[in-house]
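Quick look at structure.txt (compact mmCIF, C-alpha atoms):
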```
# COMPACT_ATOMS: atom_id res chain seq x y z
CA MET G 1 111.14 102.56 74.02
CA SER G 2 112.49 102.90 70.47
CA HIS G 3 115.75 101.15 69.65
CA ARG G 4 118.20 102.06 66.95
CA CYS G 5 119.44 98.91 65.30
CA VAL G 6 122.22 98.47 62.77
CA PRO G 7 120.87 98.84 59.19
CA LEU G 8 119.64 95.70 57.49
CA TYR G 9 122.42 95.59 54.91
CA LYS G 10 125.02 95.57 57.71
CA ARG G 11 123.23 92.80 59.60
CA ALA G 12 122.93 90.87 56.33
CA ALA G 13 126.67 91.25 55.82
CA TRP G 14 127.32 89.79 59.27
CA THR G 15 124.99 86.87 58.49
CA LEU G 16 126.86 86.22 55.30
CA ILE G 17 130.20 86.24 57.11
CA LEU G 18 128.93 83.80 59.74
CA SER G 19 127.46 81.43 57.17
CA SER G 20 130.65 81.39 55.11
CA LEU G 21 132.90 80.44 58.05
CA PRO G 22 134.55 77.03 57.74
CA LEU G 23 133.47 74.35 60.16
CA GLU G 24 136.73 74.60 62.10
CA MET G 25 136.30 78.37 62.59
CA ALA G 26 132.65 77.92 63.66
CA LEU G 27 133.71 75.38 66.26
CA ALA G 28 136.42 77.74 67.44
CA ALA G 29 133.89 80.56 67.72
CA SER G 30 131.56 78.38 69.80
CA SER G 31 134.43 77.41 72.07
CA ASN G 32 135.05 81.10 72.77
CA CYS G 33 131.66 81.31 74.51
CA ALA G 34 133.38 80.19 77.69
CA ALA G 35 135.57 83.28 77.49
CA LEU G 36 132.55 85.59 77.07
CA GLU G 37 132.67 87.69 80.22
CA GLN G 38 129.85 89.77 81.64
CA MET G 39 129.62 93.26 80.20
CA PRO G 40 130.32 96.19 82.54
CA SER G 41 127.17 97.65 84.05
CA VAL G 42 128.16 101.13 82.82
CA VAL G 43 130.06 102.18 79.69
CA GLU G 44 131.26 105.77 79.79
CA VAL G 45 132.03 107.88 76.75
CA ILE G 46 132.57 111.62 76.31
CA GLN G 47 130.31 113.62 74.03
CA GLY G 48 131.80 113.69 70.53
CA ALA G 49 134.33 110.93 71.31
CA GLN G 50 134.42 107.28 70.24
CA GLN G 51 135.23 104.12 72.16
CA ALA G 52 136.04 100.76 70.58
CA LEU G 53 134.45 97.67 72.16
CA GLU G 54 135.35 94.10 71.25
CA SER G 55 133.76 90.71 71.81
CA PRO G 56 135.51 87.29 71.90
CA VAL G 57 132.72 85.92 69.69
CA SER G 58 130.99 87.28 66.61
CA VAL G 59 128.31 89.92 67.18
CA THR G 60 125.06 89.14 65.35
CA ARG G 61 123.06 92.21 66.32
CA ILE G 62 123.49 95.42 68.31
CA ALA G 63 121.07 98.17 69.38
CA VAL G 64 120.95 101.33 71.49
CA GLY G 65 117.84 102.61 73.25
CA ASP G 66 118.16 106.31 72.36
CA PRO G 67 120.13 107.15 69.19
CA THR G 68 120.11 110.84 70.14
CA VAL G 69 122.41 110.02 73.10
CA ALA G 70 124.75 107.38 71.65
CA ASP G 71 125.37 105.74 68.28
CA VAL G 72 127.06 102.51 67.17
CA HIS G 73 129.11 101.70 64.05
CA VAL G 74 130.21 98.26 62.91
CA ASN G 75 133.96 97.61 62.96
CA GLY G 76 134.29 94.01 61.82
CA SER G 77 132.39 90.99 63.06
CA ASN G 78 133.77 91.10 66.61
CA SER G 79 133.96 94.82 67.40
CA PHE G 80 132.10 98.09 67.04
CA LEU G 81 132.57 101.78 67.76
CA LEU G 82 130.43 103.57 70.36
CA THR G 83 130.02 107.32 69.76
CA GLY G 84 128.76 109.81 72.33
CA VAL G 85 126.20 112.08 70.65
CA ALA G 86 124.69 114.09 73.52
CA PRO G 87 124.90 114.06 77.35
CA GLY G 88 122.57 111.52 78.90
CA THR G 89 122.03 107.83 79.47
CA THR G 90 120.71 105.05 77.29
CA SER G 91 120.77 101.26 77.08
CA LEU G 92 123.06 99.07 74.96
CA MET G 93 122.13 95.51 73.93
CA ILE G 94 124.44 93.06 72.14
CA TRP G 95 123.40 89.71 70.67
CA THR G 96 125.91 86.93 69.95
CA ALA G 97 125.73 83.35 68.71
CA CYS G 98 126.28 82.11 72.24
CA SER G 99 122.82 83.07 73.54
CA LYS G 100 119.45 84.30 72.32
CA THR G 101 119.33 86.71 75.26
CA PRO G 102 121.16 90.00 74.62
CA ARG G 103 123.94 91.25 76.88
CA GLN G 104 122.91 94.60 78.35
CA SER G 105 124.72 97.63 79.67
CA MET G 106 124.00 101.29 80.44
CA VAL G 107 125.77 103.94 78.35
CA PHE G 108 126.62 107.18 80.17
CA VAL G 109 127.59 110.03 77.84
CA LYS G 110 129.39 112.86 79.62
CA GLY G 111 129.10 116.43 78.42
CA LYS G 112 132.25 118.14 77.25
CA ALA G 113 132.15 120.54 80.20
CA SER G 114 131.54 117.94 82.91
CA ALA G 115 134.10 115.51 81.52
CA GLY G 116 136.92 117.84 82.51
CA LEU G 117 135.67 117.99 86.09
CA THR G 118 135.75 114.22 86.62
CA SER G 119 138.42 113.38 89.17
CA THR G 120 138.02 109.63 89.56
CA ALA G 121 140.91 107.65 88.18
CA LEU G 122 138.85 104.50 87.72
CA SER G 123 135.58 104.09 85.86
CA PRO G 124 132.60 103.48 88.19
CA SER G 125 132.24 99.87 87.07
CA ALA G 126 135.95 99.18 87.79
CA ASP G 127 136.06 100.87 91.22
CA PRO G 128 135.61 98.13 93.87
CA THR G 129 135.20 100.68 96.69
CA LEU G 130 131.92 102.07 95.35
CA PRO G 131 128.74 100.72 96.98
CA SER G 132 126.94 98.36 94.64
CA GLN G 133 123.44 98.41 96.18
CA VAL G 134 120.87 101.17 95.95
CA GLN G 135 117.68 101.57 97.96
CA THR G 136 115.08 103.65 96.15
CA ASP G 137 112.18 105.19 98.07
CA ILE G 138 109.11 106.32 96.13
CA ARG G 139 106.47 108.57 97.67
CA PHE G 140 103.19 108.74 95.79
CA VAL G 141 100.78 111.37 97.14
CA GLU G 142 97.34 112.14 95.73
CA VAL G 143 94.74 114.51 97.16
CA SER G 144 91.28 114.87 95.65
CA ARG G 145 88.70 117.44 96.80
CA THR G 146 85.09 117.59 95.64
CA LYS G 147 82.25 120.02 96.23
CA LEU G 148 78.63 119.77 95.15
CA GLN G 149 75.72 122.20 95.42
CA GLU G 150 72.20 121.55 94.19
CA ALA G 151 68.97 123.46 94.67
CA SER G 152 65.55 123.01 93.10
CA THR G 153 61.84 123.37 93.76
CA SER G 154 59.30 120.69 92.92
CA ILE G 155 55.80 122.16 92.44
CA PHE G 156 52.74 120.04 91.95
CA GLY G 157 49.32 121.55 91.43
CA MET G 158 46.10 119.88 90.32
CA GLY G 159 42.64 121.31 89.84
CA SER G 160 39.45 120.26 88.17
CA ASP G 161 40.72 121.42 84.79
CA PHE G 162 44.49 122.08 85.17
CA LEU G 163 47.70 120.37 86.18
CA ILE G 164 51.13 121.93 86.80
CA GLY G 165 54.30 120.13 87.84
CA SER G 166 58.05 120.70 87.75
CA PRO G 167 60.45 118.04 86.38
CA GLY G 168 60.59 115.03 88.67
CA SER G 169 57.58 116.05 90.76
CA LEU G 170 54.87 114.02 89.01
CA ILE G 171 53.83 110.93 90.96
CA THR G 172 53.22 107.86 88.86
CA SER G 173 51.28 105.66 91.30
CA ALA G 174 47.51 106.14 91.29
CA ALA G 175 47.31 106.31 95.09
CA ASN G 176 49.77 109.20 95.30
CA VAL G 177 48.08 111.08 92.48
CA ILE G 178 44.85 111.01 94.44
CA THR G 179 46.57 112.38 97.56
CA GLY G 180 48.51 114.85 95.41
CA GLY G 181 51.79 116.62 96.09
CA PRO G 182 55.39 116.15 94.92
CA PRO G 183 57.42 113.28 96.34
CA ALA G 184 60.28 113.74 98.76
CA ASN G 185 63.67 113.05 97.17
CA ASN G 186 66.04 110.90 99.21
CA LYS G 187 69.00 112.62 97.57
CA PHE G 188 68.11 116.07 98.97
CA PHE G 189 67.01 117.84 102.09
CA ASN G 190 63.28 118.45 101.59
CA VAL G 191 61.08 121.28 102.82
CA GLY G 192 57.41 121.09 101.84
CA PHE G 193 54.69 123.70 102.10
CA GLY G 194 51.23 124.47 100.75
CA GLY G 195 47.84 122.93 101.19
CA GLY G 196 44.73 122.09 99.27
CA ARG G 197 45.39 121.39 95.64
CA VAL G 198 48.73 123.25 95.27
CA ARG G 199 51.78 122.05 97.10
CA ALA G 200 55.50 122.57 96.74
CA MET G 201 58.67 120.79 97.84
CA ILE G 202 62.03 122.60 98.02
CA ASN G 203 64.98 120.26 97.44
CA ALA G 204 68.42 121.45 98.50
CA LEU G 205 71.79 119.78 98.92
CA GLU G 206 75.33 120.93 99.58
CA GLY G 207 78.14 118.45 99.98
CA SER G 208 81.92 118.35 100.01
CA GLY G 209 84.54 115.68 100.54
CA PHE G 210 88.15 114.76 100.04
CA ALA G 211 90.28 111.69 99.48
CA TYR G 212 93.96 111.32 100.43
CA THR G 213 96.15 108.55 99.06
CA LEU G 214 99.73 107.84 100.17
CA ALA G 215 101.90 105.01 98.90
CA ARG G 216 105.57 104.58 99.86
CA PRO G 217 107.11 101.58 98.07
CA SER G 218 110.82 100.96 98.65
CA LEU G 219 113.09 98.62 96.73
CA VAL G 220 116.77 97.62 96.93
CA ALA G 221 118.64 96.58 93.77
CA LEU G 222 122.20 95.96 92.65
CA SER G 223 123.83 98.64 90.55
CA GLY G 224 123.04 98.03 86.87
CA GLN G 225 120.38 95.39 87.62
CA SER G 226 116.61 95.76 87.28
CA ALA G 227 114.16 95.00 90.09
CA THR G 228 110.37 95.00 90.34
CA PHE G 229 107.90 95.30 93.21
CA LEU G 230 104.14 94.71 93.24
CA ALA G 231 101.70 95.02 96.14
CA GLY G 232 98.18 94.42 94.87
CA GLY G 233 96.42 91.62 93.09
CA GLU G 234 95.12 90.31 89.79
CA VAL G 235 91.61 90.71 88.43
CA PRO G 236 90.28 87.94 86.14
CA ILE G 237 89.06 89.14 82.74
CA PRO G 238 87.00 86.81 80.51
CA VAL G 239 88.13 86.85 76.88
CA PRO G 240 85.65 85.33 74.37
CA SER G 241 87.28 83.48 71.49
CA SER G 242 86.28 84.42 67.96
CA GLY G 243 84.11 81.93 66.11
CA SER G 244 83.13 79.90 69.18
CA ASP G 245 81.43 80.14 72.56
CA ASN G 246 84.60 79.36 74.50
CA VAL G 247 85.74 81.94 77.05
CA SER G 248 89.28 82.08 78.38
CA ILE G 249 90.46 83.94 81.48
CA GLU G 250 93.28 86.45 81.51
CA TYR G 251 94.55 88.17 84.65
CA LYS G 252 95.32 91.88 84.83
CA GLU G 253 97.57 93.09 87.64
CA PHE G 254 96.66 96.12 89.73
CA GLY G 255 97.97 97.78 92.88
CA ILE G 256 101.29 99.47 93.66
CA ARG G 257 104.03 98.55 91.17
CA LEU G 258 107.62 99.74 91.04
CA THR G 259 110.19 98.90 88.37
CA LEU G 260 113.65 100.44 88.54
CA THR G 261 117.24 100.11 87.36
CA PRO G 262 119.82 102.03 89.46
CA THR G 263 123.37 102.53 88.23
CA VAL G 264 126.12 103.91 90.48
CA VAL G 265 128.46 106.04 88.35
CA GLY G 266 130.35 107.77 91.18
CA ARG G 267 130.41 108.43 94.89
CA ASP G 268 128.02 111.31 94.45
CA ARG G 269 125.98 110.28 91.42
CA ILE G 270 123.31 107.62 90.79
CA LEU G 271 121.61 107.14 87.43
CA LEU G 272 118.09 105.87 88.00
CA LYS G 273 115.57 104.54 85.53
CA VAL G 274 112.32 104.28 87.46
CA ALA G 275 108.72 103.42 86.54
CA PRO G 276 106.28 103.66 89.48
CA GLU G 277 102.59 102.85 88.98
CA VAL G 278 99.51 102.93 91.22
CA SER G 279 96.24 101.43 89.98
CA GLU G 280 92.89 100.56 91.54
CA LEU G 281 89.67 98.92 90.43
CA ASP G 282 86.99 101.26 89.07
CA TYR G 283 83.52 99.72 89.01
CA THR G 284 81.92 102.95 87.73
CA ASN G 285 83.52 102.26 84.33
CA ALA G 286 82.91 98.51 84.36
CA VAL G 287 81.94 96.62 81.21
CA ASN G 288 79.94 93.45 80.77
CA ILE G 289 81.91 90.69 79.02
CA ALA G 290 80.19 87.36 78.42
CA GLY G 291 77.78 88.04 81.29
CA THR G 292 80.53 89.01 83.75
CA LEU G 293 80.94 92.54 85.10
CA VAL G 294 84.60 93.49 84.61
CA PRO G 295 85.80 96.64 86.40
CA GLY G 296 87.99 99.26 84.81
CA LEU G 297 91.30 100.49 86.21
CA ASN G 298 92.28 103.94 87.45
CA VAL G 299 96.01 104.13 86.69
CA ARG G 300 98.68 106.71 87.54
CA ARG G 301 102.12 105.86 86.19
CA THR G 302 105.45 107.45 85.33
CA ASP G 303 108.43 106.15 83.35
CA THR G 304 111.58 108.29 83.35
CA SER G 305 115.35 108.40 83.89
CA ILE G 306 117.05 110.85 86.26
CA SER G 307 120.43 111.49 87.89
CA LEU G 308 120.63 112.07 91.66
CA ALA G 309 123.13 112.07 94.48
CA ASP G 310 122.81 109.86 97.55
CA GLY G 311 119.82 111.04 99.60
CA GLU G 312 118.62 113.68 97.13
CA SER G 313 114.96 113.80 96.17
CA PHE G 314 113.30 114.67 92.90
CA VAL G 315 109.65 115.25 91.98
CA ILE G 316 109.60 113.07 88.89
CA SER G 317 105.97 113.84 87.99
CA GLY G 318 103.19 116.10 89.16
CA LEU G 319 99.63 116.96 88.23
CA ILE G 320 97.22 119.66 89.33
CA SER G 321 93.81 119.36 87.70
CA SER G 322 90.60 121.27 88.31
CA LYS G 323 87.15 120.52 86.96
CA ASN G 324 84.13 122.79 87.44
CA SER G 325 80.64 122.32 86.05
CA ALA G 326 77.30 124.07 86.43
CA GLN G 327 73.84 123.45 85.02
CA VAL G 328 70.54 125.32 85.31
CA ASN G 329 67.20 123.92 84.17
CA LYS G 330 64.31 126.38 84.24
CA PHE G 331 60.84 127.06 82.97
CA PRO G 332 61.13 129.45 80.00
CA GLY G 333 60.29 132.98 81.04
CA LEU G 334 59.13 132.20 84.57
CA GLY G 335 62.55 130.94 85.59
CA GLU G 336 64.09 134.34 84.79
CA ILE G 337 61.89 136.32 87.18
CA PRO G 338 63.97 137.69 90.11
CA ILE G 339 63.39 135.93 93.44
CA LEU G 340 60.17 134.19 92.35
CA GLY G 341 61.98 132.54 89.46
CA ALA G 342 63.77 130.29 91.95
CA PHE G 343 60.55 128.27 92.22
CA PHE G 344 60.85 127.42 88.54
CA ARG G 345 64.55 126.56 88.38
CA ASP G 346 66.72 123.53 89.10
CA SER G 347 70.38 124.52 89.65
CA ASN G 348 73.47 122.49 90.50
CA THR G 349 77.22 123.17 90.56
CA SER G 350 80.11 120.82 91.15
CA SER G 351 83.86 121.20 91.37
CA GLU G 352 86.72 118.73 91.68
CA GLU G 353 90.39 119.46 92.35
CA LYS G 354 93.13 116.86 92.22
CA GLU G 355 96.82 117.10 93.11
CA LEU G 356 99.26 114.32 92.31
CA LEU G 357 102.97 114.03 93.12
CA MET G 358 105.57 111.27 92.68
CA ILE G 359 108.85 111.79 94.55
CA VAL G 360 111.91 109.53 94.29
CA THR G 361 114.87 109.34 96.71
CA PRO G 362 117.80 106.91 96.15
CA HIS G 363 120.24 105.85 98.89
CA LEU G 364 123.53 103.96 98.71
CA VAL G 365 123.14 101.17 101.26
CA GLN G 366 125.14 98.36 102.81
CA PRO G 367 123.73 95.19 104.38
CA LEU G 368 123.49 94.87 108.16
CA ALA G 369 126.40 93.09 109.78
CA ALA G 370 126.03 89.48 110.81
CA ASN G 371 124.25 89.04 114.17
CA ALA G 372 123.33 92.75 114.21
CA GLN G 373 120.23 93.83 116.11
CA LEU G 374 117.36 94.15 113.65
CA PRO G 375 114.81 96.97 114.04
CA SER G 376 111.45 96.00 115.47
CA LEU G 377 108.98 94.86 112.84
CA PRO G 378 105.61 96.58 112.32
CA GLY G 379 103.06 95.35 114.85
CA GLU G 380 105.66 93.46 116.85
CA ASN G 381 104.06 94.59 120.12
CA LEU G 382 100.77 92.93 119.07
CA ARG G 383 102.20 89.58 118.03
CA ASN G 384 101.71 88.03 121.47
CA TYR G 385 98.58 90.01 122.36
CA ASP G 386 96.48 87.87 124.73
CA PRO G 387 94.73 89.98 127.43
CA ASN G 388 93.00 88.41 130.41
CA TRP G 389 89.28 88.96 131.03
CA TYR G 390 89.78 91.84 133.48
CA ARG G 391 92.02 93.80 131.12
CA LEU G 392 89.80 93.12 128.12
CA TYR G 393 86.64 94.31 129.90
CA PHE G 394 87.90 97.24 132.00
CA LEU G 395 91.17 98.48 130.51
CA GLU G 396 91.24 97.80 126.78
CA ASN G 397 90.36 100.96 124.83
CA GLY G 398 90.95 99.63 121.29
CA ASN G 399 93.95 101.83 120.50
CA PHE G 400 95.61 99.39 118.10
CA ASN G 401 96.49 101.79 115.30
CA SER G 402 99.65 103.34 116.80
CA ARG G 403 102.53 102.82 114.38
CA SER G 404 105.72 101.10 115.42
CA GLY G 405 108.80 99.48 113.95
CA LEU G 406 109.73 100.02 110.29
CA SER G 407 106.45 101.84 109.54
CA GLN G 408 107.52 104.90 111.56
```
For the file at hand, write its structure as structure tokens.
Amino acid sequence: MSHRCVPLYKRAAWTLILSSLPLEMALAASSNCAALEQMPSVVEVIQGAQQALESPVSVTRIAVGDPTVADVHVNGSNSFLLTGVAPGTTSLMIWTACSKTPRQSMVFVKGKASAGLTSTALSPSADPTLPSQVQTDIRFVEVSRTKLQEASTSIFGMGSDFLIGSPGSLITSAANVITGGPPANNKFFNVGFGGGRVRAMINALEGSGFAYTLARPSLVALSGQSATFLAGGEVPIPVPSSGSDNVSIEYKEFGIRLTLTPTVVGRDRILLKVAPEVSELDYTNAVNIAGTLVPGLNVRRTDTSISLADGESFVISGLISSKNSAQVNKFPGLGEIPILGAFFRDSNTSSEEKELLMIVTPHLVQPLAANAQLPSLPGENLRNYDPNWYRLYFLENGNFNSRSGLSQ
């Protein structure tokens, strides 16, 4: 994310002001750190309007995430002007002498048309009746379909003064050369025919398959606060050091990851910055590092900001891809003969289709009351599973995969 910071000459001016403060004023500024309150989670401003913000201590640096949405202008050492440029949301970070960590807030710029329709008397951050917790459900669905067709003919002929063979049909071992004939290919269905010194083997294969992936991470976070979720693992990656034989180990995370920042701006509006990611190990693209086979990663990720009402769903990303390939290897001239040319050709076609969707649904939630009945947990009916010998031998049918509890 690109940040727009105050120009260098303005920051230099602030530094000069801070360095020229007398010792008594510096001590007074440090004592004001106790009065430094937490910034509101949301700062609202109308498009084309300005809002003055002040700080009890001197501001050393300020930045906005998207300068096309909001802009900042210095107004002394303790205040600045926030200008709404275009409707949208962005982040605001303020650094002071009290801490190296910036104070953060979300800036919500209302359009000129929608600003007149706002009926709330209080700003969202100042309304104590608004729910402050958001549960975000992410549904990641991926379907992959593949189809493969291959057909070829392996011909092997040997006489006293001639030899003919199609690609892949020659037998390298001396014993098989004496017996003659093309080898059977374990990758194909094989049909052989012929006798004497000329034999043929027809290789044919047709295959299809599909893969379905579903991930449904869910995360609850306070309004204006960030939260992360990871269900997966870490793969060790050896990293050789330059100029020596030492090898260090770094760990790369993989699995289902969710990072989000929800902000409640009204009873019917939730601003959501969400970044879901699903990754898995890919040993087909592995590399050898310092004698260790390190797998690659297949990654599908999205990083975006949206505005939704409670319970609404949005397809935040989607992908439909199709890949088709075909290849024909043939003997020049003979492979072009109708019908008979099939004995001198090797043909294969393959196709792959992939569909990918990421759907997000936020909900305003409240915690369960004290001593409330909790829903049954997944697999609760199997926690005390201990069948006797009669039930295990005569009655148990192995139906353990029925879903229950929160997984329904």
Length of the CA of Ala221 (chain G) to CA of His363 (chain G) vector [Å]: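 Straight-line distance from CA of Ala221 (chain G) to CA of His363 (chain G) works out to 10.7 Å.
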Could you give me, as number ranges by chain, the residues within 9 Å of region 99-104 of chain G, counting only C-alpha atoms and dropping anything in the same chain fewer than 2 positions from it? G: 38-41, 61-62, 91-97, 106
Axis-aligned box for all listed atoms of region 362-373 of chain G, 3 Å per side, centre and edges in Å to one decimal, as JSON:
```
{"center_x": 122.1, "center_y": 98.0, "center_z": 106.1, "size_x": 14.6, "size_y": 23.9, "size_z": 26.0}
```
Residues within 12 Å of Phe314 (chain G), all atoms listed in the file, excluding chain neighbours under 4 positions, as a PyMOL selection string: chain G and resi 136-139+272+274+304-310+318+357-362
In Å to one decimal, how far is CA of Ala200 (chain G) from CA of Gly341 (chain G)?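 Computing it gives 13.9 Å between the two atoms.
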Can you pull out the residues contacting Ala70 (chain G)? Cut-off 12 Å, using only C-alpha atoms, and skip same-chain residues under 6 positions away; I want them as a ChimeraX atom specification. /G:3-5,43-51,63-64,81-92,106-110
Of the listed residues G:Thr349, G:Thr284, G:Ser242, G:Gln133, that which approaches Leu148 (chain G) most closely, counting all atoms listed in the file: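 Closest residue, counting all atoms listed in the file: G:Thr349.
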Could you please determine the separation between CA of Pro262 (chain G) and CA of Gln225 (chain G) in Å, to one decimal place?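 Value for the CA of Pro262 (chain G)-CA of Gln225 (chain G) distance: 6.9 Å.
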In file coordinates, which residues lie within 7 Å of (109.9, 96.6, 86.7) using all atoms listed in the file, given as a ChimeraX atom specification? /G:226-229,258-260,275
